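Student: Quick one, work_39.txt (compact mmCIF, C-alpha atoms):
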```txt
# COMPACT_ATOMS: atom_id res chain seq x y z
CA MET A 1 60.39 -83.76 -115.06
CA ALA A 2 56.75 -83.84 -114.15
CA LYS A 3 55.13 -80.46 -114.26
CA ILE A 4 52.89 -79.39 -111.44
CA LYS A 5 49.83 -77.32 -112.21
CA GLY A 6 47.87 -75.64 -109.50
CA ALA A 7 44.74 -73.62 -109.06
CA VAL A 8 43.08 -71.82 -106.19
CA VAL A 9 39.43 -71.16 -105.49
CA VAL A 10 38.63 -68.13 -103.35
CA ASN A 11 35.50 -68.15 -101.25
CA VAL A 12 34.45 -64.72 -102.46
CA GLU A 13 31.93 -63.92 -99.73
CA ARG A 14 34.36 -64.92 -96.95
CA CYS A 15 37.30 -62.94 -98.38
CA LYS A 16 38.04 -59.59 -96.73
CA GLY A 17 40.57 -58.34 -99.28
CA CYS A 18 43.43 -58.07 -96.77
CA ASP A 19 46.05 -58.57 -99.53
CA LEU A 20 48.15 -61.03 -97.45
CA CYS A 21 47.75 -63.85 -100.01
CA VAL A 22 48.82 -61.51 -102.81
CA VAL A 23 52.01 -60.66 -100.89
CA ALA A 24 52.67 -64.31 -99.95
CA CYS A 25 52.30 -65.72 -103.49
CA PRO A 26 55.80 -66.44 -104.89
CA THR A 27 54.64 -66.55 -108.52
CA HIS A 28 52.34 -63.48 -108.52
CA VAL A 29 49.21 -65.45 -109.35
CA LEU A 30 46.80 -63.59 -107.09
CA ALA A 31 45.56 -60.02 -107.11
CA LEU A 32 42.68 -58.10 -105.58
CA GLN A 33 39.74 -57.20 -107.79
CA PRO A 34 40.33 -53.60 -108.85
CA LYS A 35 36.65 -52.65 -109.06
CA GLU A 36 34.36 -55.56 -108.20
CA VAL A 37 33.36 -56.10 -104.56
CA ASN A 38 31.58 -58.84 -102.60
CA ASN A 39 28.41 -58.45 -100.52
CA ARG A 40 30.35 -56.85 -97.67
CA GLY A 41 32.09 -54.35 -99.93
CA TYR A 42 35.55 -55.91 -99.91
CA HIS A 43 37.74 -56.13 -103.02
CA PHE A 44 38.21 -59.91 -102.99
CA ALA A 45 41.22 -61.86 -104.26
CA TYR A 46 41.19 -63.66 -107.61
CA MET A 47 43.63 -65.48 -109.90
CA GLN A 48 45.14 -62.89 -112.18
CA ASN A 49 47.72 -65.27 -113.76
CA PRO A 50 46.17 -68.74 -113.33
CA GLU A 51 48.80 -70.43 -115.51
CA SER A 52 51.63 -69.53 -113.06
CA CYS A 53 50.10 -71.30 -110.04
CA ILE A 54 52.32 -74.06 -108.61
CA ALA A 55 49.96 -75.16 -105.79
CA CYS A 56 52.48 -74.25 -103.07
CA GLN A 57 49.63 -73.38 -100.64
CA SER A 58 51.41 -70.24 -99.39
CA CYS A 59 48.31 -68.12 -99.97
CA ALA A 60 46.07 -70.59 -98.15
CA LEU A 61 48.44 -70.83 -95.16
CA VAL A 62 48.57 -67.10 -94.51
CA CYS A 63 44.88 -66.44 -95.25
CA PRO A 64 43.31 -65.31 -91.95
CA ASP A 65 39.79 -66.22 -93.04
CA ALA A 66 40.52 -69.66 -94.50
CA CYS A 67 38.81 -68.70 -97.74
CA ILE A 68 41.31 -70.28 -100.16
CA GLU A 69 41.13 -73.85 -101.47
CA VAL A 70 44.15 -75.19 -103.36
CA TYR A 71 44.07 -77.82 -106.13
CA ARG A 72 47.09 -79.60 -107.53
CA VAL A 73 47.71 -81.93 -110.50
CA GLN A 74 50.83 -83.49 -111.92
CA GLU A 75 50.99 -83.49 -115.69
CA MET B 1 45.27 -77.91 -119.07
CA GLU B 2 42.12 -75.98 -118.33
CA LEU B 3 41.17 -74.71 -114.88
CA ASN B 4 38.11 -76.95 -114.87
CA ASP B 5 40.37 -80.00 -115.17
CA ILE B 6 42.42 -78.91 -112.16
CA ILE B 7 39.60 -77.85 -109.87
CA LYS B 8 38.18 -81.24 -108.96
CA PRO B 9 37.62 -82.70 -105.46
CA GLU B 10 40.27 -85.42 -105.98
CA ASN B 11 42.95 -82.78 -106.68
CA ARG B 12 42.24 -80.73 -103.57
CA VAL B 13 45.32 -80.32 -101.35
CA TYR B 14 44.18 -77.58 -99.01
CA GLN B 15 40.79 -76.46 -97.78
CA LYS B 16 39.15 -74.77 -94.82
CA PRO B 17 39.46 -77.10 -91.80
CA ARG B 18 36.22 -78.92 -91.02
CA LEU B 19 36.10 -77.62 -87.44
CA LEU B 20 36.25 -73.99 -88.55
CA ASN B 21 32.60 -73.27 -89.21
CA ASP B 22 31.01 -71.02 -91.80
CA ASN B 23 30.32 -68.04 -89.52
CA HIS B 24 31.83 -64.87 -90.89
CA MET B 25 34.71 -63.87 -88.56
CA HIS B 26 34.35 -60.45 -86.95
CA TYR B 27 38.12 -59.85 -87.04
CA CYS B 28 39.49 -56.98 -89.12
CA PRO B 29 40.90 -57.89 -92.56
CA GLY B 30 44.40 -59.34 -92.17
CA CYS B 31 44.14 -60.04 -88.42
CA SER B 32 46.49 -62.75 -87.13
CA HIS B 33 43.70 -64.21 -84.96
CA GLY B 34 42.16 -65.86 -88.03
CA VAL B 35 45.38 -67.70 -88.87
CA VAL B 36 45.77 -68.98 -85.31
CA HIS B 37 42.11 -70.08 -85.22
CA LYS B 38 42.75 -71.97 -88.45
CA ILE B 39 45.86 -73.67 -87.05
CA ILE B 40 44.00 -74.74 -83.90
CA ALA B 41 41.04 -76.10 -85.90
CA GLU B 42 43.40 -78.02 -88.21
CA LEU B 43 45.38 -79.49 -85.32
CA ILE B 44 42.38 -80.59 -83.28
CA GLU B 45 41.02 -82.31 -86.38
CA GLU B 46 44.36 -83.95 -87.26
CA MET B 47 45.04 -85.12 -83.71
CA GLY B 48 41.51 -86.52 -83.29
CA LEU B 49 40.85 -84.34 -80.23
CA GLU B 50 37.47 -83.14 -81.44
CA ASP B 51 35.61 -84.68 -78.49
CA LYS B 52 38.39 -84.00 -75.99
CA ALA B 53 39.30 -80.38 -76.64
CA ILE B 54 37.91 -77.70 -74.33
CA GLY B 55 38.87 -74.12 -75.10
CA ILE B 56 38.70 -71.21 -72.69
CA ALA B 57 37.92 -67.98 -74.54
CA PRO B 58 39.22 -64.68 -73.13
CA VAL B 59 37.93 -61.15 -73.04
CA GLY B 60 39.38 -59.24 -75.96
CA CYS B 61 39.08 -59.58 -79.70
CA ALA B 62 39.00 -63.39 -79.39
CA VAL B 63 35.98 -63.22 -77.07
CA PHE B 64 33.83 -64.78 -79.82
CA ALA B 65 36.26 -67.65 -80.52
CA TYR B 66 33.45 -70.04 -79.56
CA ASN B 67 31.52 -68.89 -82.62
CA TYR B 68 34.22 -70.03 -85.01
CA ILE B 69 35.76 -73.32 -83.86
CA ASP B 70 33.32 -76.18 -83.43
CA ILE B 71 34.50 -77.60 -80.07
CA ASP B 72 33.48 -77.05 -76.45
CA TRP B 73 34.27 -73.60 -75.09
CA ILE B 74 33.92 -71.73 -71.82
CA GLU B 75 33.96 -67.95 -71.71
CA ALA B 76 36.12 -66.67 -68.85
CA ALA B 77 36.04 -63.38 -66.97
CA HIS B 78 38.74 -60.94 -67.98
CA GLY B 79 42.16 -62.55 -67.47
CA ARG B 80 40.83 -65.55 -65.54
CA ALA B 81 41.12 -68.13 -68.33
CA PRO B 82 44.05 -70.08 -66.76
CA ALA B 83 42.10 -70.34 -63.47
CA ILE B 84 39.07 -71.81 -65.27
CA ALA B 85 41.33 -74.06 -67.33
CA THR B 86 42.87 -75.33 -64.07
CA ALA B 87 39.45 -76.32 -62.75
CA VAL B 88 38.37 -77.98 -66.00
CA LYS B 89 41.60 -79.94 -66.37
CA ARG B 90 41.54 -81.11 -62.74
CA LEU B 91 37.93 -82.25 -62.96
CA GLN B 92 38.35 -83.84 -66.40
CA PRO B 93 41.98 -84.94 -66.68
CA THR B 94 41.40 -86.85 -69.92
CA LYS B 95 40.41 -83.70 -71.81
CA MET B 96 42.77 -81.39 -73.69
CA VAL B 97 42.27 -77.97 -72.14
CA PHE B 98 43.67 -74.81 -73.68
CA THR B 99 43.20 -71.09 -73.16
CA TYR B 100 43.32 -68.57 -75.97
CA GLN B 101 44.28 -65.12 -74.70
CA GLY B 102 45.47 -61.78 -75.97
CA ASP B 103 48.06 -59.56 -74.34
CA GLY B 104 45.56 -57.26 -72.66
CA ASP B 105 43.87 -60.27 -71.11
CA LEU B 106 46.93 -62.35 -70.23
CA ALA B 107 49.70 -59.81 -69.66
CA ALA B 108 47.72 -57.13 -67.81
CA ILE B 109 44.77 -58.29 -65.72
CA GLY B 110 45.57 -62.00 -65.92
CA THR B 111 49.28 -62.02 -65.07
CA CYS B 112 48.65 -63.47 -61.62
CA GLU B 113 46.47 -66.34 -62.86
CA THR B 114 48.88 -67.14 -65.67
CA ILE B 115 52.04 -67.26 -63.58
CA HIS B 116 50.41 -69.21 -60.75
CA ALA B 117 48.82 -71.73 -63.14
CA ALA B 118 52.25 -72.25 -64.70
CA ASN B 119 53.91 -72.43 -61.28
CA ARG B 120 51.48 -75.15 -60.18
CA GLY B 121 52.34 -77.02 -63.37
CA GLU B 122 48.74 -77.39 -64.48
CA ASN B 123 48.54 -79.56 -67.59
CA ILE B 124 47.00 -76.88 -69.74
CA VAL B 125 48.04 -75.06 -72.91
CA ILE B 126 48.09 -71.28 -72.96
CA ILE B 127 48.00 -69.70 -76.41
CA PHE B 128 49.08 -66.09 -76.04
CA ILE B 129 48.47 -63.64 -78.88
CA ASN B 130 50.84 -60.70 -78.42
CA ASN B 131 50.18 -57.72 -80.64
CA GLY B 132 51.37 -55.02 -78.25
CA ILE B 133 48.06 -53.19 -78.04
CA TYR B 134 44.50 -53.43 -76.73
CA GLY B 135 42.83 -54.17 -80.05
CA MET B 136 39.16 -54.55 -79.14
CA THR B 137 38.78 -51.39 -77.06
CA GLY B 138 40.36 -49.12 -79.64
CA GLY B 139 44.14 -49.40 -79.50
CA GLN B 140 45.17 -48.37 -75.98
CA MET B 141 48.59 -49.12 -74.49
CA ALA B 142 49.09 -52.68 -73.23
CA PRO B 143 51.91 -53.90 -70.95
CA THR B 144 53.53 -55.37 -74.07
CA THR B 145 53.49 -52.11 -76.05
CA LEU B 146 56.97 -51.26 -77.32
CA LEU B 147 58.84 -48.18 -76.11
CA GLY B 148 58.08 -45.23 -78.36
CA MET B 149 55.03 -46.94 -79.86
CA LYS B 150 52.08 -44.62 -80.39
CA THR B 151 48.72 -45.80 -79.08
CA ALA B 152 45.45 -44.09 -78.14
CA THR B 153 46.64 -43.61 -74.55
CA THR B 154 50.29 -42.86 -75.40
CA PRO B 155 49.86 -40.45 -78.32
CA TYR B 156 53.49 -39.30 -78.12
CA GLY B 157 54.89 -42.81 -77.80
CA ARG B 158 55.39 -45.02 -74.73
CA ARG B 159 57.87 -43.50 -72.26
CA VAL B 160 59.88 -45.38 -69.65
CA ASP B 161 59.51 -42.73 -66.95
CA LEU B 162 55.74 -42.61 -67.33
CA ASN B 163 54.67 -46.07 -68.55
CA GLY B 164 57.49 -48.45 -67.64
CA TYR B 165 59.01 -51.17 -69.79
CA PRO B 166 57.37 -53.71 -72.13
CA LEU B 167 56.56 -56.91 -70.24
CA ARG B 168 57.92 -60.19 -71.58
CA ILE B 169 55.47 -62.75 -70.25
CA SER B 170 57.08 -65.76 -71.93
CA GLU B 171 60.37 -65.16 -70.11
CA LEU B 172 58.48 -64.93 -66.81
CA VAL B 173 56.59 -68.17 -67.43
CA ALA B 174 59.76 -69.92 -68.59
CA ALA B 175 61.40 -68.97 -65.29
CA VAL B 176 58.92 -70.88 -63.10
CA ASP B 177 59.45 -74.61 -62.53
CA GLY B 178 55.96 -75.84 -63.46
CA SER B 179 56.12 -74.86 -67.13
CA CYS B 180 57.42 -77.49 -69.54
CA TYR B 181 57.32 -75.80 -72.93
CA VAL B 182 57.51 -72.08 -73.64
CA THR B 183 57.98 -70.85 -77.17
CA ARG B 184 57.52 -67.69 -79.19
CA GLN B 185 56.25 -67.91 -82.77
CA SER B 186 54.61 -65.75 -85.40
CA VAL B 187 52.25 -66.29 -88.34
CA HIS B 188 53.30 -63.66 -90.88
CA THR B 189 54.79 -65.96 -93.58
CA PRO B 190 53.90 -69.48 -94.78
CA ALA B 191 57.06 -70.86 -93.11
CA ALA B 192 56.21 -69.15 -89.83
CA VAL B 193 52.68 -70.56 -89.97
CA ARG B 194 54.06 -74.09 -90.35
CA LYS B 195 56.45 -73.57 -87.43
CA ALA B 196 53.70 -72.13 -85.24
CA LYS B 197 51.53 -75.12 -86.09
CA SER B 198 54.18 -77.61 -84.99
CA ALA B 199 54.73 -75.59 -81.78
CA ILE B 200 51.03 -75.66 -80.89
CA LYS B 201 50.93 -79.37 -81.75
CA LYS B 202 53.76 -80.03 -79.30
CA ALA B 203 51.95 -78.00 -76.65
CA PHE B 204 48.74 -80.01 -77.15
CA GLU B 205 50.74 -83.26 -76.88
CA ASN B 206 52.31 -82.03 -73.62
CA SER B 207 48.88 -81.33 -72.21
CA MET B 208 47.67 -84.83 -73.04
CA ALA B 209 50.89 -86.39 -71.68
CA GLY B 210 50.58 -84.44 -68.40
CA LYS B 211 54.01 -82.86 -68.55
CA GLY B 212 53.07 -79.41 -67.24
CA THR B 213 52.03 -76.03 -68.52
CA SER B 214 52.83 -75.11 -72.12
CA LEU B 215 52.75 -71.54 -73.33
CA VAL B 216 52.85 -70.65 -77.02
CA GLU B 217 53.25 -66.94 -77.61
CA ILE B 218 52.29 -65.79 -81.09
CA VAL B 219 53.73 -62.37 -81.89
CA SER B 220 51.06 -60.96 -84.15
CA THR B 221 49.79 -57.81 -85.78
CA CYS B 222 46.89 -55.47 -85.08
CA ASN B 223 46.72 -53.52 -88.29
CA SER B 224 43.69 -51.48 -87.18
CA GLY B 225 45.32 -50.52 -83.89
CA TRP B 226 48.68 -49.87 -85.49
CA LYS B 227 47.00 -47.82 -88.26
CA LYS B 228 48.74 -49.70 -91.06
CA SER B 229 47.78 -52.01 -93.91
CA PRO B 230 48.03 -55.76 -93.15
CA ALA B 231 51.16 -56.17 -95.31
CA ASP B 232 52.83 -53.08 -93.78
CA SER B 233 51.92 -54.32 -90.30
CA ASN B 234 53.77 -57.57 -90.97
CA LYS B 235 56.84 -55.61 -92.08
CA TRP B 236 56.64 -53.34 -89.04
CA MET B 237 56.32 -56.37 -86.78
CA VAL B 238 59.44 -57.99 -88.26
CA GLU B 239 61.43 -54.76 -87.93
CA ASN B 240 60.30 -53.68 -84.46
CA MET B 241 58.48 -56.38 -82.48
CA PHE B 242 61.02 -59.15 -83.19
CA ALA B 243 63.83 -57.10 -81.61
CA LYS B 244 62.02 -57.07 -78.26
CA TYR B 245 60.27 -60.42 -78.69
CA PRO B 246 62.76 -62.76 -80.43
CA MET B 247 61.43 -65.96 -82.03
CA GLY B 248 62.23 -69.45 -80.81
CA ASP B 249 61.91 -71.88 -77.91
CA LEU B 250 62.59 -70.44 -74.46
CA LYS B 251 62.08 -73.68 -72.58
CA ASN B 252 61.58 -77.24 -73.72
CA VAL B 253 61.82 -80.03 -71.16
```
Would you give me this structure, written as structure tokens?

Tutor:
Amino acid sequence: MAKIKGAVVVNVERCKGCDLCVVACPTHVLALQPKEVNNRGYHFAYMQNPESCIACQSCALVCPDACIEVYRVQE
Amino acid sequence: MELNDIIKPENRVYQKPRLLNDNHMHYCPGCSHGVVHKIIAELIEEMGLEDKAIGIAPVGCAVFAYNYIDIDWIEAAHGRAPAIATAVKRLQPTKMVFTYQGDGDLAAIGTCETIHAANRGENIVIIFINNGIYGMTGGQMAPTTLLGMKTATTPYGRRVDLNGYPLRISELVAAVDGSCYVTRQSVHTPAAVRKAKSAIKKAFENSMAGKGTSLVEIVSTCNSGWKKSPADSNKWMVENMFAKYPMGDLKNV
């Protein structure tokens, strides 16, 4: 069976750290930065477990600020 | 496989819609408005309505909607968006005219315009964001506020004897003959977002086909007004709002 690998890119300056993508992710890929903040002072989202991403786009669909891009490859 | 091999333009499956511009949205973190803006921008792009879409922005949190979606917009007086949409659609019948209103705008001051526009069967789309509170002005009680819900003006919870019952606008609009499609959706999970998108798409198609007024109610959250985190607001909405405002199509002719 072909394996699907995914990755997301978060537009850090647009992200407001609302945590909705973290909750929506079924494979627990995303997390909010514990200490680092963007220019507006928000703890932005990042890929904590990049190898688990399956490119399901759940995070991008629920993101209110459209700051997530999703990439998908089939190995 | 390294991340650099995955993150390439040819592998991209989802990105910010082209019509949603780069302005930083003024909405609070986790606000449902952003998701609905994104759906509308995606749909207008997918349906090729870029030159035909005219939006009517309300008074409320979405008052700056014209700053975020790159189409033609008109800013209406408080609650009067369906009246302006009527004029625009009658003068330019080939355009796709939609209003984007919150519950303070549509369900309180604009009830008359909304019901009469629907009763006349104007070929417009009304997108109604229902979060049960006046978000922009600081969380006062709206007609759609649930019984017992605490707001700035009902600090001990909404009471029937003092404040009356929550108003279900979609049921009212579904009851008049001019409306063709009335549905209630939400945007709190990926599945709900996809369903809401297909509902708004159907409404846009109805407007272009001249079938009558379509109303898409989006039950949404106001985490600042509700004094909760965005994730907790979604949970609270599922537990409390959905009982009073059940999901699904109310009318589809």

Student: May I have the residues within 7 Å of Leu20 (chain A) as number ranges by chain, using all atoms listed in the file and disregarding those fewer than 3 positions away in the same chain?

Tutor: A: 23-24, 62-63; B: 30, 230-231

Student: Show me, as a list in words, the residues of chain A whose atoms get within 6 Å of chain B, using all atoms listed in the file for the distance check.

Tutor: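 The answer, sorted by residue number, is Lys16, Cys18, Ser58, Leu61, Val62, Pro64, Asp65, Ala66, Glu69, Val70, Tyr71 and Arg72 of chain A.
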
Student: Write out as a list in words each polymer residue whose atoms come within 10 Å of Glu171 (chain B), counting only C-alpha atoms; drop sequence neighbours fewer than 2 positions from it.

Tutor: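 Contacts, in chain order: Leu167, Arg168, Ile169, Val173, Ala174, Ala175, Val176, Val182, Thr183, Arg184, Tyr245, Leu250 and Lys251 of chain B.
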
Student: Taking into account all atoms listed in the file, which residue in the set B:Thr213, B:Asn21, B:Ser170, B:Asn67 is nearest to Pro82 (chain B)?

Tutor: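 Counting all atoms listed in the file, the residue closest to Pro82 (chain B) is B:Thr213.
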
Student: Which residues, written as a PyMOL selection string, have at least one atom at most 8 Å from Pro50 (chain A), with all atoms listed in the file counted and residues fewer than 2 positions away on the same chain left out?

Tutor: (chain A and resi 7+29+47-48+52-53) or (chain B and resi 3)

Student: Counting only C-alpha atoms, select every polymer residue within 6 Å of (41.2, -70.2, -101.3) as defined in the file's coordinates, and provide the selection as a ChimeraX atom specification.

Tutor: /A:8-10,60,67-69

Student: Residues as selected, C-alpha atoms, written as a short mmCIF file (atom, residue, chain, number, x, y, z; two decimals), in the coordinates of the input, can you do that?

Tutor:
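out.cif, freshly written:
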```
data_model
loop_
_atom_site.label_atom_id
_atom_site.label_comp_id
_atom_site.auth_asym_id
_atom_site.auth_seq_id
_atom_site.Cartn_x
_atom_site.Cartn_y
_atom_site.Cartn_z
CA VAL A 8 43.08 -71.82 -106.19
CA VAL A 9 39.43 -71.16 -105.49
CA VAL A 10 38.63 -68.13 -103.35
CA ALA A 60 46.07 -70.59 -98.15
CA CYS A 67 38.81 -68.70 -97.74
CA ILE A 68 41.31 -70.28 -100.16
CA GLU A 69 41.13 -73.85 -101.47
#
```

Student: So, with only C-alpha atoms as the atoms that count, which of A:Val12, A:Cys21, A:Cys56, A:Asn49 lies closest to Glu36 (chain A)?

Tutor: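 Once distances to Glu36 (chain A) are computed over only C-alpha atoms, the minimum belongs to A:Val12.
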
Student: What does the distance from CA of Arg40 (chain A) to CA of Ile133 (chain B) come to in Å, to one decimal?

Tutor: 26.7 Å

Student: Quick one: residues within 6 Å of region 30-34 of chain A, all atoms listed in the file counted, chain neighbours fewer than 3 positions away excluded, as a list in words?

Tutor: Val22, His43, Phe44, Ala45, Tyr46, Met47 and Gln48 of chain A

Student: Any idea what the distance is between CA of Tyr181 (chain B) and CA of Ala65 (chain B)?

Tutor: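 CA of Ala65 (chain B) lies 23.8 Å from CA of Tyr181 (chain B).
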
Student: Please determine, counting only C-alpha atoms, which residue among B:Pro246, B:Gly225, B:Cys180, B:Glu45 has the shortest atom-to-atom distance to Ile124 (chain B).

Tutor: B:Cys180

Student: Go ahead and fit an axis-aligned box to every listed atom of region 12-15 of chain A plus 4 Å each side, and pass me the centre and edge lengths in Å, one decimal, as JSON.

Tutor:
```
{"center_x": 34.6, "center_y": -63.9, "center_z": -99.7, "size_x": 13.4, "size_y": 10.0, "size_z": 13.5}
```

Student: Need to verify the contact set: Ile54 (chain A), 7 Å, all atoms listed in the file, exclusion of same-chain residues closer than 4 positions in sequence. Can you return it as a ChimeraX atom specification?

Tutor: /A:4-6

Student: Calculated over only C-alpha atoms, which of the candidates B:Met47, B:Leu106, B:Val88, B:Leu19 has the smallest distance to Asp70 (chain B)?

Tutor: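 Of all the options, B:Leu19 lies closest to Asp70 (chain B).
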
Student: Using all atoms listed in the file, which of B:Phe98, B:Lys211, B:Asn119, B:Leu43 sits nearest Ala196 (chain B)?

Tutor: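 Result for the nearest residue to Ala196 (chain B): B:Leu43.
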
Student: Name the closest residue to Ser224 (chain B) among the candidates B:Ala62, B:Val97, B:Ile56, B:Met136; distances are taken between atoms, counting only C-alpha atoms.

Tutor: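 Looking at the shortest contact to Ser224 (chain B), the residue is B:Met136.
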
Student: Just the number, please: distance in Å from CA of Phe64 (chain B) to CA of Ser214 (chain B), one decimal.

Tutor: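 Going from CA of Phe64 (chain B) over to CA of Ser214 (chain B) covers 23.0 Å.
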
Student: Kindly complete region 35-43 of chain B to all heavy atoms; the output should be written as a short mmCIF file (atom, residue, chain, number, x, y, z; two decimals), in the coordinates of the input.

Tutor:
```cif
data_model
loop_
_atom_site.label_atom_id
_atom_site.label_comp_id
_atom_site.auth_asym_id
_atom_site.auth_seq_id
_atom_site.Cartn_x
_atom_site.Cartn_y
_atom_site.Cartn_z
N VAL B 35 44.40 -66.67 -88.54
CA VAL B 35 45.38 -67.70 -88.87
C VAL B 35 45.54 -68.67 -87.69
O VAL B 35 45.60 -69.89 -87.87
CB VAL B 35 46.74 -67.07 -89.24
CG1 VAL B 35 47.70 -68.14 -89.70
CG2 VAL B 35 46.58 -66.03 -90.31
N VAL B 36 45.58 -68.12 -86.48
CA VAL B 36 45.77 -68.98 -85.31
C VAL B 36 44.53 -69.85 -85.09
O VAL B 36 44.65 -71.04 -84.77
CB VAL B 36 46.10 -68.13 -84.06
CG1 VAL B 36 46.40 -69.02 -82.88
CG2 VAL B 36 47.29 -67.24 -84.33
N HIS B 37 43.34 -69.28 -85.29
CA HIS B 37 42.11 -70.08 -85.22
C HIS B 37 42.19 -71.25 -86.19
O HIS B 37 41.83 -72.38 -85.87
CB HIS B 37 40.89 -69.24 -85.60
CG HIS B 37 40.37 -68.38 -84.49
ND1 HIS B 37 41.15 -67.92 -83.48
CD2 HIS B 37 39.13 -67.90 -84.25
CE1 HIS B 37 40.41 -67.19 -82.66
NE2 HIS B 37 39.18 -67.16 -83.12
N LYS B 38 42.67 -70.95 -87.41
CA LYS B 38 42.75 -71.97 -88.45
C LYS B 38 43.72 -73.08 -88.05
O LYS B 38 43.42 -74.26 -88.20
CB LYS B 38 43.21 -71.28 -89.75
CG LYS B 38 43.09 -72.08 -90.98
CD LYS B 38 43.39 -71.22 -92.19
CE LYS B 38 44.83 -70.80 -92.22
NZ LYS B 38 45.16 -69.98 -93.40
N ILE B 39 44.86 -72.68 -87.49
CA ILE B 39 45.86 -73.67 -87.05
C ILE B 39 45.26 -74.57 -85.98
O ILE B 39 45.40 -75.80 -86.01
CB ILE B 39 47.12 -72.95 -86.50
CG1 ILE B 39 47.84 -72.20 -87.60
CG2 ILE B 39 48.06 -73.95 -85.86
CD1 ILE B 39 49.02 -71.40 -87.09
N ILE B 40 44.57 -73.96 -85.01
CA ILE B 40 44.00 -74.74 -83.90
C ILE B 40 42.95 -75.72 -84.43
O ILE B 40 42.93 -76.90 -84.07
CB ILE B 40 43.39 -73.80 -82.84
CG1 ILE B 40 44.49 -73.00 -82.16
CG2 ILE B 40 42.59 -74.58 -81.81
CD1 ILE B 40 43.99 -71.93 -81.24
N ALA B 41 42.08 -75.23 -85.34
CA ALA B 41 41.04 -76.10 -85.90
C ALA B 41 41.67 -77.27 -86.67
O ALA B 41 41.24 -78.42 -86.54
CB ALA B 41 40.13 -75.29 -86.81
N GLU B 42 42.72 -76.97 -87.45
CA GLU B 42 43.40 -78.02 -88.21
C GLU B 42 44.00 -79.07 -87.27
O GLU B 42 43.87 -80.27 -87.49
CB GLU B 42 44.54 -77.41 -89.04
CG GLU B 42 44.11 -76.91 -90.40
CD GLU B 42 45.25 -76.15 -91.08
OE1 GLU B 42 46.40 -76.23 -90.63
OE2 GLU B 42 44.95 -75.45 -92.06
N LEU B 43 44.68 -78.58 -86.22
CA LEU B 43 45.38 -79.49 -85.32
C LEU B 43 44.42 -80.39 -84.56
O LEU B 43 44.66 -81.59 -84.42
CB LEU B 43 46.23 -78.69 -84.32
CG LEU B 43 47.60 -78.29 -84.81
CD1 LEU B 43 48.27 -77.43 -83.79
CD2 LEU B 43 48.45 -79.52 -85.09
#
```
